[in-house]
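In what follows, a structure is listed as structure tokens, so that the remarks can point back to it.
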Amino acid sequence: MGKINRTHPIPYHTALDTKLLRFSSGDTFTIRDACEGVQIFGGTGSGKSSGSGRALALAYLRAGFGGLVCCSKVNEADVWRGLAKEAGRENHLFVIDEKAALRFNFMDYAQATIARDGFDRNLVDMLITVSESAGSNGDSGGGGGDNQFFKDAAINMLSSAFAPIREFEGGIQLAHVYQFITSAPASLTQLEDKHWQERSYFYKVMTNIAVAAQHGNAVCAQICEDYGDFWYSEFPSLGDRTRSSIVATVGNTIKPFLTGAFRTLWCTRTDIVPEVCREGAIIVLDIPVRKYGKMAAIAQQLFKLNWQIAMENTQHSDRPCFLFADESQFVMNSFDAQHLSVARSALACSVYITQDKPSYYAALGGRNAEAMADSLISKFQTRIFHANSDPVTNDYAANICGKITQYQQTRSQSRGQTSGGSGTVNDDANNTSGQGGDSIQDSRTISTYKDFVFQPDFFADELRTGAKGNGYKVDAIVVRNGRNFKATGKHYLKAEFSQR
């Protein structure tokens, strides 16, 4: 398992109109659709993973896609082993797990790619993006989260640390970054403290650079000019709570990678890189969030973000590659919306699967969570809705399917009756007369009104959820932006997926 034979390349489809699967007899899902992204919603037991998720995974594998699989559930890697075997792709599977047979030093990789030639800010942005999504700002206890000040301060701190560390060490390692920022001066008076000077890694680095600058080293002189004021004046002058919050914002992301299995996996050597997916490799991150918690979420997001950037920068390859994230709320971050905006040209096919919209809101947190989540979801041009009991998601599904004109007929009827008579009596004759009548009025009125094609409660109780009782069939409403389906003449249709 996990072998790419470059002398016998893995075959794959390239034409964007290549049909991958069918939604109806006349409606297909193509590589073009795949490159525009798929978001799947469905409650627990709805068949979202075993129905549409499985169908898409097999279609991508059979078409020769490379890909990345983020694992949230403990058994997810085994599921993908089974899918790869069914598609004849088991030899193309590369599993990164706690055994550490395959490793990825993300700092070395980032320095050789996005941060090369002095573009440290790209490496800073990567760490801050993951720090935000992992909730580090909220854990800092000092006003992180939505406060832009703390984010900007963390960016400034990292940017000011990378150049001195690289010059002193010859490269940047997380352990050195952590040592540097946690041993930086906590006050102006501490700068003169001999005991602090003796044990501070920060002081050792900056003193060495200052001495080199005095001896004519132009690079070191530039570092002193660019970052000296920040470290020797601005940073130590901050309030204790503010400074500790800034340090915690970054430290909470870095610390998990300094010891144990996560250090071994992500900070030692590099055996595999995202670019191998362009050769047909399928990388499975078998460090499930449900087993390893926040550390696994941070680790997967770091690899995922590097993978997304790699796909955007390897557009010379015409092999489509997929990103598959079941329980995607655990690995989403603010970069995803940016990536999805350019994913089509990069032939990067994202499939995100989650239960409901509130899962995204909770994962993102903060005052802007709903706006950020809605912006991300809108980037997926195909959305699939399975059975769900969440009213927020069901209202959303009903609204994007839209409303149609309905007709209502009302009928009213009225009935009346009249009667009357008169008579005279005399000795010679007996004369009588009378009159009467009935009247019926019947009126019909036809009125029009707009109503949902699918009522919100339709998604709660009208879609099959698979298993034996449903013949292993799963129903879903598929919505596609910009193009109508032949089966309905609309941008939505009801599709059936098999669990077998």
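Residue numbering restarts at 1 for every chain of the structure tokens, chains are lettered A, B, ... in their displayed order, and ligands are numbered from 1 as they appear.
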| request: List the neighbours of region 41-58 of chain A out to 9 Å using only C-alpha atoms; skip same-chain residues closer than 5 positions along the sequence, and give me the result as JSON, numbers by chain. | output: {"A": [20, 21, 34, 63, 80, 83, 84, 86, 87, 322, 324, 326, 351, 352, 353, 354, 355, 356, 357, 383, 384, 385, 386, 387, 388, 389, 390, 393, 463, 464, 465, 466, 467, 472, 473, 474, 475, 476, 496, 497, 498, 499, 500]}
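Take the candidates A:Asn333, A:Asn481, A:Ser131, A:Gln381 and check each one against Tyr360 (chain A) using only C-alpha atoms; the shortest distance goes to A:Asn333.
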| query | Got a sec: who's within 12 Å of Ser183 (chain A), counting only C-alpha atoms, leaving out chain neighbours fewer than 2 positions off, as a list in words? | reply |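 Final neighbour list, sorted by chain and number: Ala161, His176, Val177, Tyr178, Gln179, Phe180, Ile181, Pro185, Ala186, Ser187, Gln190, Leu191, Trp196, Gln197, Glu198, Arg199, Ser200, Tyr201, Phe202, Tyr203, Lys204, Val205, Met206, Trp231, Phe235, Pro236, Ser244 and Val247 of chain A.
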Saved selection, atoms kept: C-alpha atoms, as an mmCIF file, in the first residue's frame:
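In the end it all went to part17.cif:
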data_model
loop_
_atom_site.group_PDB
_atom_site.id
_atom_site.type_symbol
_atom_site.label_atom_id
_atom_site.label_comp_id
_atom_site.auth_asym_id
_atom_site.auth_seq_id
_atom_site.Cartn_x
_atom_site.Cartn_y
_atom_site.Cartn_z
ATOM 1 C CA ALA A 161 10.572 36.514 15.305
ATOM 2 C CA HIS A 176 12.873 27.769 18.475
ATOM 3 C CA VAL A 177 9.862 29.987 17.749
ATOM 4 C CA TYR A 178 8.257 28.951 21.018
ATOM 5 C CA GLN A 179 11.509 29.483 22.965
ATOM 6 C CA PHE A 180 11.998 32.877 21.391
ATOM 7 C CA ILE A 181 8.562 34.350 22.100
ATOM 8 C CA PRO A 185 11.382 40.537 27.741
ATOM 9 C CA ALA A 186 8.227 40.939 29.813
ATOM 10 C CA SER A 187 9.193 44.487 30.830
ATOM 11 C CA GLN A 190 13.905 42.873 32.600
ATOM 12 C CA LEU A 191 16.189 43.783 29.722
ATOM 13 C CA TRP A 196 17.121 36.769 32.653
ATOM 14 C CA GLN A 197 19.913 37.407 30.166
ATOM 15 C CA GLU A 198 21.683 34.194 31.150
ATOM 16 C CA ARG A 199 18.673 31.952 30.573
ATOM 17 C CA SER A 200 16.795 33.766 27.770
ATOM 18 C CA TYR A 201 16.995 32.218 24.305
ATOM 19 C CA PHE A 202 15.650 35.503 22.952
ATOM 20 C CA TYR A 203 18.550 37.429 24.478
ATOM 21 C CA LYS A 204 21.082 34.950 23.080
ATOM 22 C CA VAL A 205 19.666 35.277 19.547
ATOM 23 C CA MET A 206 19.288 39.044 19.502
ATOM 24 C CA TRP A 231 11.297 43.627 20.717
ATOM 25 C CA PHE A 235 6.586 44.403 23.166
ATOM 26 C CA PRO A 236 7.916 44.844 26.716
ATOM 27 C CA SER A 244 0.260 37.151 27.651
ATOM 28 C CA VAL A 247 1.779 34.975 23.298
#
| query | In Å to one decimal, how far is CA of Arg121 (chain A) from CA of Val219 (chain A)? | reply |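 According to the coordinates, CA of Val219 (chain A) and CA of Arg121 (chain A) are separated by 17.8 Å.
Interatomic distance, CA of Ser159 (chain A) to CA of Lys294 (chain A): 24.9 Å.
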Close residues, region 102-104 of chain A itself excluded, 10 Å, only C-alpha atoms, min 2 positions apart in chain, as an mmCIF file with N, CA, C and O atoms, in the first residue's frame:
data_model
loop_
_atom_site.group_PDB
_atom_site.id
_atom_site.type_symbol
_atom_site.label_atom_id
_atom_site.label_comp_id
_atom_site.auth_asym_id
_atom_site.auth_seq_id
_atom_site.Cartn_x
_atom_site.Cartn_y
_atom_site.Cartn_z
ATOM 1 N N PHE A 94 -1.854 6.388 0.773
ATOM 2 C CA PHE A 94 -0.776 6.720 1.709
ATOM 3 C C PHE A 94 -1.420 7.178 3.016
ATOM 4 O O PHE A 94 -2.099 8.205 3.039
ATOM 5 N N VAL A 95 -1.204 6.432 4.072
ATOM 6 C CA VAL A 95 -1.863 6.716 5.347
ATOM 7 C C VAL A 95 -0.862 7.317 6.324
ATOM 8 O O VAL A 95 0.171 6.715 6.633
ATOM 9 N N ILE A 96 -1.158 8.513 6.813
ATOM 10 C CA ILE A 96 -0.362 9.154 7.868
ATOM 11 C C ILE A 96 -1.087 8.908 9.185
ATOM 12 O O ILE A 96 -2.216 9.364 9.376
ATOM 13 N N ASP A 97 -0.453 8.174 10.088
ATOM 14 C CA ASP A 97 -1.088 7.859 11.368
ATOM 15 C C ASP A 97 -0.075 7.935 12.498
ATOM 16 O O ASP A 97 1.074 8.341 12.297
ATOM 17 N N GLU A 98 -0.508 7.530 13.695
ATOM 18 C CA GLU A 98 0.348 7.671 14.876
ATOM 19 C C GLU A 98 1.583 6.779 14.835
ATOM 20 O O GLU A 98 2.535 6.985 15.598
ATOM 21 N N LYS A 99 1.618 5.814 13.938
ATOM 22 C CA LYS A 99 2.802 4.965 13.805
ATOM 23 C C LYS A 99 3.981 5.724 13.198
ATOM 24 O O LYS A 99 5.130 5.287 13.309
ATOM 25 N N ALA A 100 3.689 6.813 12.536
ATOM 26 C CA ALA A 100 4.705 7.729 12.003
ATOM 27 C C ALA A 100 5.615 7.095 10.963
ATOM 28 O O ALA A 100 6.788 7.467 10.836
ATOM 29 N N PHE A 106 6.033 20.255 8.393
ATOM 30 C CA PHE A 106 5.321 21.335 7.708
ATOM 31 C C PHE A 106 6.101 22.644 7.733
ATOM 32 O O PHE A 106 5.976 23.467 6.821
ATOM 33 N N MET A 107 6.942 22.863 8.739
ATOM 34 C CA MET A 107 7.736 24.093 8.772
ATOM 35 C C MET A 107 8.794 24.079 7.664
ATOM 36 O O MET A 107 8.974 25.071 6.951
ATOM 37 N N ASP A 108 9.484 22.951 7.523
ATOM 38 C CA ASP A 108 10.468 22.842 6.439
ATOM 39 C C ASP A 108 9.796 22.983 5.076
ATOM 40 O O ASP A 108 10.311 23.652 4.172
ATOM 41 N N TYR A 109 8.638 22.325 4.941
ATOM 42 C CA TYR A 109 7.926 22.368 3.659
ATOM 43 C C TYR A 109 7.483 23.796 3.337
ATOM 44 O O TYR A 109 7.665 24.275 2.205
ATOM 45 N N PHE A 262 2.866 13.976 17.915
ATOM 46 C CA PHE A 262 2.630 15.050 16.956
ATOM 47 C C PHE A 262 3.942 15.731 16.560
ATOM 48 O O PHE A 262 4.097 16.155 15.412
ATOM 49 N N ARG A 263 4.886 15.821 17.472
ATOM 50 C CA ARG A 263 6.201 16.332 17.105
ATOM 51 C C ARG A 263 6.866 15.380 16.109
ATOM 52 O O ARG A 263 7.454 15.816 15.102
ATOM 53 N N THR A 264 6.763 14.081 16.366
ATOM 54 C CA THR A 264 7.368 13.093 15.468
ATOM 55 C C THR A 264 6.767 13.177 14.073
ATOM 56 O O THR A 264 7.480 13.137 13.066
ATOM 57 N N LEU A 265 5.453 13.306 13.999
ATOM 58 C CA LEU A 265 4.758 13.317 12.709
ATOM 59 C C LEU A 265 5.020 14.578 11.908
ATOM 60 O O LEU A 265 5.226 14.518 10.685
ATOM 61 N N TRP A 266 5.020 15.737 12.564
ATOM 62 C CA TRP A 266 4.963 16.997 11.843
ATOM 63 C C TRP A 266 6.214 17.868 11.971
ATOM 64 O O TRP A 266 6.279 18.908 11.324
ATOM 65 N N CYS A 267 7.200 17.459 12.767
ATOM 66 C CA CYS A 267 8.342 18.350 12.996
ATOM 67 C C CYS A 267 9.699 17.653 12.923
ATOM 68 O O CYS A 267 10.688 18.175 13.455
ATOM 69 N N THR A 268 9.791 16.482 12.324
ATOM 70 C CA THR A 268 11.078 15.787 12.266
ATOM 71 C C THR A 268 11.589 15.694 10.827
ATOM 72 O O THR A 268 12.541 16.365 10.456
ATOM 73 N N ARG A 269 10.993 14.874 10.003
ATOM 74 C CA ARG A 269 11.451 14.722 8.619
ATOM 75 C C ARG A 269 10.235 14.769 7.691
ATOM 76 O O ARG A 269 9.097 14.771 8.136
ATOM 77 N N THR A 270 10.492 14.788 6.394
ATOM 78 C CA THR A 270 9.416 14.806 5.398
ATOM 79 C C THR A 270 9.559 13.611 4.469
ATOM 80 O O THR A 270 10.554 13.476 3.756
ATOM 81 N N ASP A 271 8.537 12.731 4.501
ATOM 82 C CA ASP A 271 8.505 11.555 3.628
ATOM 83 C C ASP A 271 7.507 11.707 2.489
ATOM 84 O O ASP A 271 7.584 10.992 1.497
ATOM 85 N N ILE A 272 6.543 12.607 2.665
ATOM 86 C CA ILE A 272 5.495 12.766 1.667
ATOM 87 C C ILE A 272 5.074 14.225 1.629
ATOM 88 O O ILE A 272 5.082 14.910 2.661
ATOM 89 N N VAL A 273 4.753 14.716 0.441
ATOM 90 C CA VAL A 273 4.348 16.109 0.276
ATOM 91 C C VAL A 273 3.025 16.147 -0.488
ATOM 92 O O VAL A 273 2.673 15.209 -1.205
ATOM 93 N N PRO A 274 2.256 17.238 -0.360
ATOM 94 C CA PRO A 274 0.953 17.319 -1.031
ATOM 95 C C PRO A 274 1.007 17.120 -2.537
ATOM 96 O O PRO A 274 0.060 16.599 -3.136
ATOM 97 N N PHE A 303 -1.865 20.503 7.412
ATOM 98 C CA PHE A 303 -1.594 19.751 6.188
ATOM 99 C C PHE A 303 -2.582 20.157 5.100
ATOM 100 O O PHE A 303 -2.200 20.352 3.937
#
